[in-house]
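Here's the structure we're looking at; comments come further down.
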Amino acid sequence: MTTAVAEAPGAKREYMKWLPRIGISFMLLDCIVLMLIPEAGVVCGIGIMACAVMLFFFDEFYLLPLAFIFFQEQLILAVGTSAMSYFSYLLILRFIVFDLRKSKLKAWMLPALAVIILFSIFRLPSTDMGILRQTYIDAGEQPPLDSVLLLRTIVGFVGDVLYAVLTAIKLHDSPQTLKKFVSILPVMVIISGIYGLIAGNIYQDVRYNGSFNDPNYFGFFINIAIFSVLTLKENIYRLKIVKIILIAVLYYFLIGAGSITGLLCNVGGLVAYTVFYYRKKAVFMIFVVGLIVSGVVMGAMAIPAIRNLTVVQNLQERIELQYSDIAGSSADYLTSGRTTQWERYSGYIADGRIDEKLFGSRSMLNGMYEEDFVEEVGGGSGPHQAYLGFIVNFGFVGLALFIAGIIIKIAYFMYRCIVRKQELYLLMSIISAIWIVYGFALDYFFDVRFMLFYFL
């Protein structure tokens, strides 16, 4: 544990050593209370802000974003007032006061940040506020002036970018804090999963959302949690029984989420993990693990108590509906309706001018679209793919820079892992790979929860 200011009043007192542990324990307790009582959003929102005040002078302050990753909508200070809005400004203030001078911008962040800065200067200020204005009218409220709406949009966007980037910088500046971050994440995933069951947050009454609005969002973090448990070897993760229990619960939620993307991503990640971890024995280990998994699955399906579990039946039906007759099914059916949106957005991009293809044509921020743009693509739904969204916002040049950044990051992490024997960075490489895979199924820009993991 390190403090932000070594000379802080009372910093050398013995009890100060316990404050970070108490603060993080209180954060977990706060989220557990919200899990058990989903209506307690205001109380728990105030509790999280109390944690932020308690941890403000400690590096453990940067573990608090975990609460907002999983309960961004639920943690509020009053109806319509998100606790995260106030926490994000507190985080930015804390970074400027205590961490700015000793922190370094990471090389892999530079390409994406250059694109985002240019987007903020040249594209965002000209965004039409028509649809955002309409949301106020639909709610029976008088909409603010467009200039006010635009100012709020720009401030919110810049704040989200700073929140994601500064959190990632600080976590990488402090590897011990980063390790704590990924160590706590599996526990938060399980809390999120149980919250979803208690709150009845289940997509179409069959797929687990956890604390999110989409089972694919939940699947993204479940996969990160699974590989965190597999890779980490310190503290409670030294105990095999703990690993087995956590893995079992996480796979239950992954199956319950019914995300084909999540399952395919998990299988690919397991193969990559095995290849790296066992190297010369990788082929043999993949074969053995494949046999064991196949045996376990077939054995489990032969046991009525397991075969009749709702989550197992739902996943089986989903796979059968989507993939039993691939030759006869439409591509749109196989991709749960995404192909139609991909085609619309691809057509829009293809019909654009050369400058629009290279540098983008519209501002499309996480569900906020311009009115005439909605008419052009034939509906108000997003592309359901980060990369098409990037092209609309930044063009192929911007997309190339985003991809270049994540390639630089993975190369650096693999160097730290292979040459310096730092296994934490094997996990960080896998997390980056998960981000890339899910980009084909989710809109990322600018959802601060997912963009944090781009910069992380």
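Convention: chains lettered A, B, ... in structure tokens order; per-chain residue numbering from 1; ligands numbered from 1 as shown.
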
Near-Leu427 of chain A list (7 Å; only C-alpha atoms; drop same-chain fewer than 6 positions) as a list in words |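 Everything that qualifies: Phe227, Ser228 and Thr231 of chain A.
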
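Among the candidates A:Phe453, A:Tyr348, A:Phe70, A:Tyr89, the one nearest to Gly196 of chain A when counting only C-alpha atoms is A:Phe70.
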
List the neighbours of Asn216 of chain A out to 9 Å using only C-alpha atoms; skip same-chain residues closer than 2 positions along the sequence, and give me the result as a PDB file with C-alpha atoms, in the first residue's frame.
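Here's the written file part.pdb:
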ATOM      1  CA  ASN A 209     -27.588  -9.687 -17.910  1.00  0.00           C
ATOM      2  CA  PHE A 212     -25.907  -4.649 -17.353  1.00  0.00           C
ATOM      3  CA  ASN A 213     -28.516  -4.014 -20.045  1.00  0.00           C
ATOM      4  CA  ASP A 214     -27.109  -6.595 -22.446  1.00  0.00           C
ATOM      5  CA  PHE A 218     -21.935  -9.204 -19.020  1.00  0.00           C
ATOM      6  CA  GLY A 219     -20.127 -11.885 -21.048  1.00  0.00           C
ATOM      7  CA  PHE A 220     -17.269  -9.474 -21.791  1.00  0.00           C
ATOM      8  CA  PHE A 221     -16.480  -9.063 -18.100  1.00  0.00           C
ATOM      9  CA  ALA A 257     -25.625 -15.206 -20.394  1.00  0.00           C
ATOM     10  CA  GLY A 258     -26.145 -17.351 -23.498  1.00  0.00           C
ATOM     11  CA  SER A 259     -23.622 -15.274 -25.429  1.00  0.00           C
ATOM     12  CA  ILE A 260     -22.268 -17.170 -28.424  1.00  0.00           C
ATOM     13  CA  THR A 261     -19.652 -14.425 -28.802  1.00  0.00           C
ATOM     14  CA  GLY A 262     -18.664 -14.958 -25.167  1.00  0.00           C
ATOM     15  CA  TYR A 438     -15.967  -8.286 -28.591  1.00  0.00           C
ATOM     16  CA  ALA A 441     -20.352  -7.572 -31.550  1.00  0.00           C
ATOM     17  CA  LEU A 442     -20.531  -4.433 -29.335  1.00  0.00           C
TER      18      LEU A 442
END

Residue among A:Tyr277, A:Arg207, A:Leu100, A:Trp435 lying closest to Cys417 of chain A, counting only C-alpha atoms |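 The closest residue to Cys417 of chain A is A:Tyr277.
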
Best match for closeness to Ile255 of chain A among A:Lys179, A:Gly382, A:Leu239, A:Val206, counting only C-alpha atoms =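 That would be A:Val206, the residue with the smallest distance to Ile255 of chain A.
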
Any idea what's packed within 9 Å of Lys357 of chain A, counting only C-alpha atoms, ignoring anything in its chain fewer than 3 positions away? Could you give it as a ChimeraX atom specification?
-> /A:349-354,360-361,391-392,394-397

So which one's closest to Met414 of chain A, A:Phe276, A:Trp108, A:Phe445, A:Tyr86? Using only C-alpha atoms, please.
->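 Answer, going by the shortest atom-to-atom distance: A:Phe276.
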
Would you list, as a PyMOL selection string, the residues of segment 4-247 of chain A that end up in strand (DSSP E) under DSSP run on this structure's backbone?
-> chain A and resi 76-78+81-82+202-203+207-208

What lies within 8 Å of Ser192 of chain A using only C-alpha atoms, ignoring chain neighbours under 4 positions off, as a list in words?
-> Met35, Phe70, Phe71, Met188, Gly196, Gly210 and Ser211 of chain A

From the list A:Ile76, A:Ala83, A:Val53, A:Ala411, which residue is nearest Pro20 of chain A when using only C-alpha atoms?
->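 For Pro20 of chain A, the nearest of the given residues is A:Val53.
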
Would you list the contacts of Asn393 of chain A as a compact mmCIF listing (two decimals) with N, CA and C atoms, in the first residue's frame, taking every protein, DNA or RNA residue within 10 Å and counting only C-alpha atoms, but skipping same-chain residues closer than 6 positions in sequence?
# COMPACT_ATOMS: atom_id res chain seq x y z
N VAL A 115 -6.58 10.76 -32.25
CA VAL A 115 -7.85 10.70 -33.00
C VAL A 115 -8.97 11.35 -32.20
N ILE A 116 -9.06 11.03 -30.92
CA ILE A 116 -10.14 11.55 -30.07
C ILE A 116 -10.04 13.07 -29.93
N PHE A 119 -11.22 14.57 -33.14
CA PHE A 119 -12.67 14.38 -33.19
C PHE A 119 -13.37 15.43 -32.32
N ARG A 123 -15.15 17.53 -35.13
CA ARG A 123 -16.40 16.83 -35.42
C ARG A 123 -17.48 17.09 -34.36
N LEU A 124 -17.12 16.94 -33.12
CA LEU A 124 -18.11 17.00 -32.05
C LEU A 124 -18.84 18.34 -31.97
N GLU A 356 -14.80 11.34 -46.41
CA GLU A 356 -15.60 10.76 -45.33
C GLU A 356 -15.14 9.35 -45.00
N LYS A 357 -14.73 8.61 -46.01
CA LYS A 357 -14.21 7.27 -45.78
C LYS A 357 -12.89 7.32 -45.00
N PHE A 359 -11.67 9.98 -43.10
CA PHE A 359 -11.62 10.73 -41.83
C PHE A 359 -12.95 10.75 -41.07
N GLY A 360 -13.95 10.03 -41.54
CA GLY A 360 -15.22 9.97 -40.85
C GLY A 360 -16.21 10.99 -41.36
N SER A 361 -17.48 10.81 -40.95
CA SER A 361 -18.52 11.68 -41.49
C SER A 361 -19.52 12.15 -40.45
N ARG A 362 -19.63 11.46 -39.32
CA ARG A 362 -20.67 11.77 -38.35
C ARG A 362 -20.16 11.65 -36.93
N SER A 363 -20.92 12.26 -36.00
CA SER A 363 -20.69 12.05 -34.57
C SER A 363 -21.70 11.01 -34.10
N MET A 364 -21.20 9.90 -33.61
CA MET A 364 -22.08 8.82 -33.16
C MET A 364 -21.55 8.35 -31.81
N LEU A 365 -22.17 8.86 -30.75
CA LEU A 365 -21.64 8.62 -29.41
C LEU A 365 -22.55 7.69 -28.61
N TYR A 387 -16.01 -1.43 -34.78
CA TYR A 387 -15.15 -1.01 -35.89
C TYR A 387 -15.92 -0.23 -36.95
N LEU A 399 -9.60 4.43 -37.57
CA LEU A 399 -9.67 3.02 -37.19
C LEU A 399 -8.28 2.41 -37.18
N PHE A 445 -17.90 3.05 -28.51
CA PHE A 445 -17.57 4.48 -28.46
C PHE A 445 -18.78 5.33 -28.17

Excluding same-chain residues fewer than 6 positions from Ile408 of chain A, what lies within 10 Å of it counting only C-alpha atoms, as an MDAnalysis selection string?
-> chainID A and resid 107:109 111

Give me, please, the distance in Å between atom CA of Gly398 of chain A and atom CA of Lys104 of chain A, quoted to one decimal.
->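 Separation between atom CA of Gly398 of chain A and atom CA of Lys104 of chain A: 23.3 Å.
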
Have a look at atom CA of Phe61 of chain A and atom CA of Ile436 of chain A and let me know their distance in Å, one decimal.
-> 28.0 Å

Option closest in space to Ile24 of chain A, from A:Ile37, A:Leu55, A:Val242, A:Cys44 [counting only C-alpha atoms] | A:Leu55

Taking the backbone alone, and naming residues the way the document does, which bits of segment 30-135 of chain A are alpha helix (DSSP H) by DSSP, as number ranges by chain?
-> A: 30-36, 41-55, 65-71, 83-94, 110-122, 130-135
